[in-house]
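Engineer: Quick one: the structure is below, questions incoming.
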Amino acid sequence: MPQHLLAIDDVSDDFEQLLRWAIEFKRLWKQGDEVALNFLPLDTLAIGSIYEKPSTRTRVSFEVGIQRLGGSALTLLKNDIQLGKSETVGDTSQVLSRFLGGITYRCFGHEDVAELAKHATVPVINALSAKHHPCQAAADLMTVLEHFETTEDLKVAWVGDGNNVLHDLMLACAMLGIDIHYACPEGYEPDTDVVERTQALAEKNGSSVTHTTDPVEAVKDAHVVYTDVFISMGEEHMTDKVQAFEGYQVNEAMVAHMDEGWAFMHCLPAHRGDEVTDWVMDHEQSIVFDQAENRMWAQMSLMAYLINHGAWEAMAEFMGLA
Ligand code: CP
Ligand code: NVA
């Protein structure tokens, strides 16, 4: 049975190691290190990526990352394939498994990526579902580890919708023992099962998970404030939803309550002027474009780990991480 990545806690045992691997590999690769440049664990493999929703970062970071690991990237857009028209997710999965070394899937309902994984004989990576966005959380925590000298006493605040990005962010913070305080309006809290999984991980790793409906309370003395769009892909019809987010904009007045070394994070794309102002987005303490770049490095670590584990371990040893 291949190991899949449907939610970030699927790799809870090795999460920190996966991120340290990505950070060190990025450093070596940028330095022109021959071992890193010649690390080709996906050599001869094609990796297919199905998209039912648009994407800039996920698509480009996967395509470039796959090429850099020696594989070939095959992007399958929903209008070009039979899935959803005349073929089931399960049959599509079995067919693709005969050709590909791994499959990434961006879908609407989380049950679709779970169904694809159930029938796949190669690793499946969730490239965003309505419930989870694990690749984003891997890049986000990689960025946090790069940016802050230590995670001890670090406080991450979320201000916004209790959505897919928050789900994996809170799980990921708890996996690293980082305190997470989330402000979500009533009716837009994260799913109960994800909160329970987060609480169990936080307990194990000695950190806290705190919910409030007051954004200022959440960001008080925090080191990171993270937000996302109020209306996610697939919710475009829910125009009334934005009313619930009055007072939730991350702006100059809000970050004034934070630790002076505050950092602003956003998965992007951002709706400037809605959930965040230009002042915050363009501030030198905004690390949103580091997050975007790290999508690729974090996914390179995840792909090598899931698809060619022996090569990932050998590289970890070479980098002094084993
Ligand atoms: N953050 C993110 O997943 O961006 P895309 O929708 O552009 O892939
Ligand atoms: N919550 C957003 C994230 C986009 C990367 C969405 O699902 O549309």
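Every chain in the structure tokens takes a letter, A first, then B, and so on in the order presented; its residues are numbered from 1, and the ligands are numbered from 1 following the presented order.
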Just asking: which residues within stretch 46-232 of chain A are strand (DSSP E or B) according to DSSP, as a VMD selection string?
Structural biologist: chain A and resid 46 to 51 72 to 77 83 87 102 to 106 124 to 126 155 to 159 179 to 183 209 to 212 224 to 227
Engineer: Restricting the output to C-alpha atoms, write the selected residues as a PDB file, in the first residue's frame.
Structural biologist:
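Final output, out_19.pdb:
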ATOM      1  CA  ALA A  46       5.774  10.759 -14.769  1.00  0.00           C
ATOM      2  CA  ILE A  47       3.724  12.522 -12.076  1.00  0.00           C
ATOM      3  CA  GLY A  48       0.168  13.461 -13.026  1.00  0.00           C
ATOM      4  CA  SER A  49      -1.705  16.415 -11.532  1.00  0.00           C
ATOM      5  CA  ILE A  50      -5.483  16.683 -11.839  1.00  0.00           C
ATOM      6  CA  TYR A  51      -7.053  20.128 -11.378  1.00  0.00           C
ATOM      7  CA  SER A  72       8.128  14.601 -15.974  1.00  0.00           C
ATOM      8  CA  ALA A  73       5.018  16.559 -15.032  1.00  0.00           C
ATOM      9  CA  LEU A  74       1.700  15.835 -16.658  1.00  0.00           C
ATOM     10  CA  THR A  75      -1.020  18.369 -15.885  1.00  0.00           C
ATOM     11  CA  LEU A  76      -4.571  17.103 -16.378  1.00  0.00           C
ATOM     12  CA  LEU A  77      -7.213  19.838 -16.394  1.00  0.00           C
ATOM     13  CA  LEU A  83     -13.221  12.286 -14.877  1.00  0.00           C
ATOM     14  CA  GLU A  87     -15.641   8.006 -15.656  1.00  0.00           C
ATOM     15  CA  GLY A 102       2.375   9.587  -8.269  1.00  0.00           C
ATOM     16  CA  ILE A 103      -0.830  11.614  -8.588  1.00  0.00           C
ATOM     17  CA  THR A 104      -1.677  15.051  -7.219  1.00  0.00           C
ATOM     18  CA  TYR A 105      -5.325  16.066  -7.122  1.00  0.00           C
ATOM     19  CA  ARG A 106      -7.063  19.428  -6.543  1.00  0.00           C
ATOM     20  CA  VAL A 124      -1.668  10.393  -3.979  1.00  0.00           C
ATOM     21  CA  ILE A 125      -1.047  13.965  -2.797  1.00  0.00           C
ATOM     22  CA  ASN A 126      -3.951  16.278  -1.986  1.00  0.00           C
ATOM     23  CA  LYS A 155       2.473  32.186  18.970  1.00  0.00           C
ATOM     24  CA  VAL A 156       0.692  31.854  15.608  1.00  0.00           C
ATOM     25  CA  ALA A 157      -2.638  33.625  15.151  1.00  0.00           C
ATOM     26  CA  TRP A 158      -5.250  32.925  12.483  1.00  0.00           C
ATOM     27  CA  VAL A 159      -7.830  35.594  11.677  1.00  0.00           C
ATOM     28  CA  ASP A 179       0.714  27.564  20.047  1.00  0.00           C
ATOM     29  CA  ILE A 180      -2.142  28.433  17.697  1.00  0.00           C
ATOM     30  CA  HIS A 181      -4.847  30.989  18.500  1.00  0.00           C
ATOM     31  CA  TYR A 182      -7.594  31.198  15.920  1.00  0.00           C
ATOM     32  CA  ALA A 183     -10.265  33.865  15.566  1.00  0.00           C
ATOM     33  CA  VAL A 209      -4.992  25.519  20.721  1.00  0.00           C
ATOM     34  CA  THR A 210      -7.215  28.515  21.522  1.00  0.00           C
ATOM     35  CA  HIS A 211     -10.413  29.690  19.848  1.00  0.00           C
ATOM     36  CA  THR A 212     -11.927  33.168  20.075  1.00  0.00           C
ATOM     37  CA  VAL A 224       2.595  35.454  13.168  1.00  0.00           C
ATOM     38  CA  VAL A 225      -0.798  36.513  11.846  1.00  0.00           C
ATOM     39  CA  TYR A 226      -2.204  34.395   9.031  1.00  0.00           C
ATOM     40  CA  THR A 227      -5.322  35.025   7.003  1.00  0.00           C
TER      41      THR A 227
END
Engineer: As a quick test: using only C-alpha atoms and all ligand atoms, which residues lie no more than 9 Å away from ligand 1? Give them as a VMD selection string.
Structural biologist: chain A and resid 53 to 61 106 127 to 128 133 135 to 136 165 233 266 to 269 291 to 292 295
Engineer: Can you pull out the residues contacting A:Glu284? Cut-off 12 Å, using only C-alpha atoms, and skip same-chain residues under 6 positions away; I want them as a ChimeraX atom specification.
Structural biologist: /A:261-265,278,290
Engineer: Using only C-alpha atoms, determine which residues lie at most 8 Å from stretch 299-305 of chain A, disregarding the query and same-chain residues fewer than 3 positions distant; provide the list as a PyMOL selection string.
Structural biologist: chain A and resi 18-19+21-22+41-42+61-62+65-66+69+135+138-139+295-296+308-313
Engineer: Selected residues, N, CA, C and O atoms, written as an mmCIF file, in the first residue's frame, please.
Structural biologist:
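Output file again-v3.cif is given in full below:
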data_model
loop_
_atom_site.group_PDB
_atom_site.id
_atom_site.type_symbol
_atom_site.label_atom_id
_atom_site.label_comp_id
_atom_site.auth_asym_id
_atom_site.auth_seq_id
_atom_site.Cartn_x
_atom_site.Cartn_y
_atom_site.Cartn_z
ATOM 1 N N LEU A 18 10.860 16.311 7.475
ATOM 2 C CA LEU A 18 10.505 16.667 6.090
ATOM 3 C C LEU A 18 10.795 18.150 5.828
ATOM 4 O O LEU A 18 11.284 18.519 4.754
ATOM 5 N N LEU A 19 10.503 18.978 6.815
ATOM 6 C CA LEU A 19 10.717 20.425 6.650
ATOM 7 C C LEU A 19 12.199 20.773 6.717
ATOM 8 O O LEU A 19 12.698 21.581 5.937
ATOM 9 N N TRP A 21 14.611 18.854 5.903
ATOM 10 C CA TRP A 21 15.133 18.340 4.629
ATOM 11 C C TRP A 21 14.927 19.410 3.555
ATOM 12 O O TRP A 21 15.844 19.740 2.798
ATOM 13 N N ALA A 22 13.712 19.957 3.485
ATOM 14 C CA ALA A 22 13.392 20.954 2.446
ATOM 15 C C ALA A 22 14.265 22.203 2.602
ATOM 16 O O ALA A 22 14.773 22.750 1.617
ATOM 17 N N PRO A 41 15.367 11.679 -7.780
ATOM 18 C CA PRO A 41 14.620 10.503 -7.313
ATOM 19 C C PRO A 41 13.402 10.164 -8.166
ATOM 20 O O PRO A 41 12.854 9.069 -8.038
ATOM 21 N N LEU A 42 12.971 11.088 -9.019
ATOM 22 C CA LEU A 42 11.794 10.797 -9.862
ATOM 23 C C LEU A 42 12.208 10.454 -11.300
ATOM 24 O O LEU A 42 11.363 10.416 -12.206
ATOM 25 N N SER A 61 4.522 25.200 -8.929
ATOM 26 C CA SER A 61 5.494 24.628 -7.978
ATOM 27 C C SER A 61 5.602 23.119 -8.152
ATOM 28 O O SER A 61 6.698 22.557 -8.040
ATOM 29 N N PHE A 62 4.498 22.449 -8.452
ATOM 30 C CA PHE A 62 4.597 21.007 -8.712
ATOM 31 C C PHE A 62 5.320 20.742 -10.039
ATOM 32 O O PHE A 62 6.212 19.896 -10.102
ATOM 33 N N GLY A 65 9.035 21.619 -9.584
ATOM 34 C CA GLY A 65 9.639 20.709 -8.600
ATOM 35 C C GLY A 65 9.822 19.304 -9.158
ATOM 36 O O GLY A 65 10.851 18.658 -8.936
ATOM 37 N N ILE A 66 8.838 18.827 -9.891
ATOM 38 C CA ILE A 66 8.938 17.485 -10.493
ATOM 39 C C ILE A 66 10.099 17.454 -11.491
ATOM 40 O O ILE A 66 10.918 16.524 -11.490
ATOM 41 N N LEU A 69 13.406 17.260 -9.851
ATOM 42 C CA LEU A 69 13.702 15.944 -9.256
ATOM 43 C C LEU A 69 13.844 14.864 -10.336
ATOM 44 O O LEU A 69 13.889 13.680 -10.033
ATOM 45 N N CYS A 135 -0.151 20.592 1.429
ATOM 46 C CA CYS A 135 1.091 21.102 0.820
ATOM 47 C C CYS A 135 1.315 22.553 1.237
ATOM 48 O O CYS A 135 2.454 22.987 1.425
ATOM 49 N N ALA A 138 2.758 22.518 4.774
ATOM 50 C CA ALA A 138 4.177 22.126 4.786
ATOM 51 C C ALA A 138 5.042 23.335 4.423
ATOM 52 O O ALA A 138 6.028 23.639 5.107
ATOM 53 N N ALA A 139 4.645 24.057 3.369
ATOM 54 C CA ALA A 139 5.404 25.258 2.971
ATOM 55 C C ALA A 139 5.339 26.324 4.059
ATOM 56 O O ALA A 139 6.331 27.018 4.332
ATOM 57 N N ARG A 295 6.490 26.531 -1.394
ATOM 58 C CA ARG A 295 5.609 25.463 -1.860
ATOM 59 C C ARG A 295 6.435 24.427 -2.641
ATOM 60 O O ARG A 295 6.281 23.222 -2.460
ATOM 61 N N MET A 296 7.317 24.928 -3.501
ATOM 62 C CA MET A 296 8.088 24.000 -4.334
ATOM 63 C C MET A 296 9.067 23.161 -3.511
ATOM 64 O O MET A 296 9.108 21.933 -3.652
ATOM 65 N N ASN A 308 9.905 7.969 -3.532
ATOM 66 C CA ASN A 308 11.190 7.255 -3.550
ATOM 67 C C ASN A 308 11.856 7.443 -2.189
ATOM 68 O O ASN A 308 12.809 8.218 -2.032
ATOM 69 N N HIS A 309 11.311 6.715 -1.197
ATOM 70 C CA HIS A 309 11.695 6.956 0.194
ATOM 71 C C HIS A 309 13.186 6.701 0.449
ATOM 72 O O HIS A 309 13.828 7.434 1.205
ATOM 73 N N GLY A 310 13.717 5.668 -0.216
ATOM 74 C CA GLY A 310 15.136 5.334 -0.023
ATOM 75 C C GLY A 310 16.032 6.496 -0.440
ATOM 76 O O GLY A 310 17.003 6.836 0.252
ATOM 77 N N ALA A 311 15.696 7.126 -1.560
ATOM 78 C CA ALA A 311 16.490 8.255 -2.053
ATOM 79 C C ALA A 311 16.362 9.444 -1.096
ATOM 80 O O ALA A 311 17.331 10.151 -0.819
ATOM 81 N N TRP A 312 15.146 9.654 -0.577
ATOM 82 C CA TRP A 312 14.919 10.759 0.386
ATOM 83 C C TRP A 312 15.776 10.546 1.635
ATOM 84 O O TRP A 312 16.423 11.465 2.134
ATOM 85 N N GLU A 313 15.813 9.277 2.120
ATOM 86 C CA GLU A 313 16.597 8.964 3.327
ATOM 87 C C GLU A 313 18.090 9.149 3.075
ATOM 88 O O GLU A 313 18.805 9.680 3.927
#
Engineer: Which one of A:Asn164, A:Thr239, A:Thr198, A:Ser208 sits closest to ligand 2 if you count only C-alpha atoms and all ligand atoms?
Structural biologist: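 Looking at the shortest contact to ligand 2, the residue is A:Asn164.
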Engineer: Could you pull the residues within 7 Å of stretch 190-197 of chain A, counting only C-alpha atoms, minus those fewer than 5 positions along the same chain, as number ranges by chain?
Structural biologist: A: 162-163, 167
Engineer: Please dump the current selection as a PDB file, in the first residue's frame; keep N, CA and C atoms.
Structural biologist:
ATOM      1  N   GLY A 162     -12.789  29.483   9.067  1.00  0.00           N
ATOM      2  CA  GLY A 162     -12.317  28.176   9.554  1.00  0.00           C
ATOM      3  C   GLY A 162     -12.247  27.198   8.392  1.00  0.00           C
ATOM      4  N   ASN A 163     -11.322  27.430   7.475  1.00  0.00           N
ATOM      5  CA  ASN A 163     -11.343  26.703   6.195  1.00  0.00           C
ATOM      6  C   ASN A 163     -10.214  25.674   6.055  1.00  0.00           C
ATOM      7  N   HIS A 167      -7.289  24.422   8.670  1.00  0.00           N
ATOM      8  CA  HIS A 167      -7.267  23.029   9.144  1.00  0.00           C
ATOM      9  C   HIS A 167      -5.847  22.462   9.169  1.00  0.00           C
TER      10      HIS A 167
END
Engineer: Between atom CA of A:Glu16 and atom CA of A:Asp221, what is the spacing in Å?
Structural biologist: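 We find that atom CA of A:Asp221 and atom CA of A:Glu16 lie 25.0 Å from each other.
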Engineer: Skip A:Glu115 itself and residues of its chain fewer than 5 positions away, then list as number ranges by chain all residues within 10 Å of it, counting only C-alpha atoms.
Structural biologist: A: 88-90, 93, 110, 120
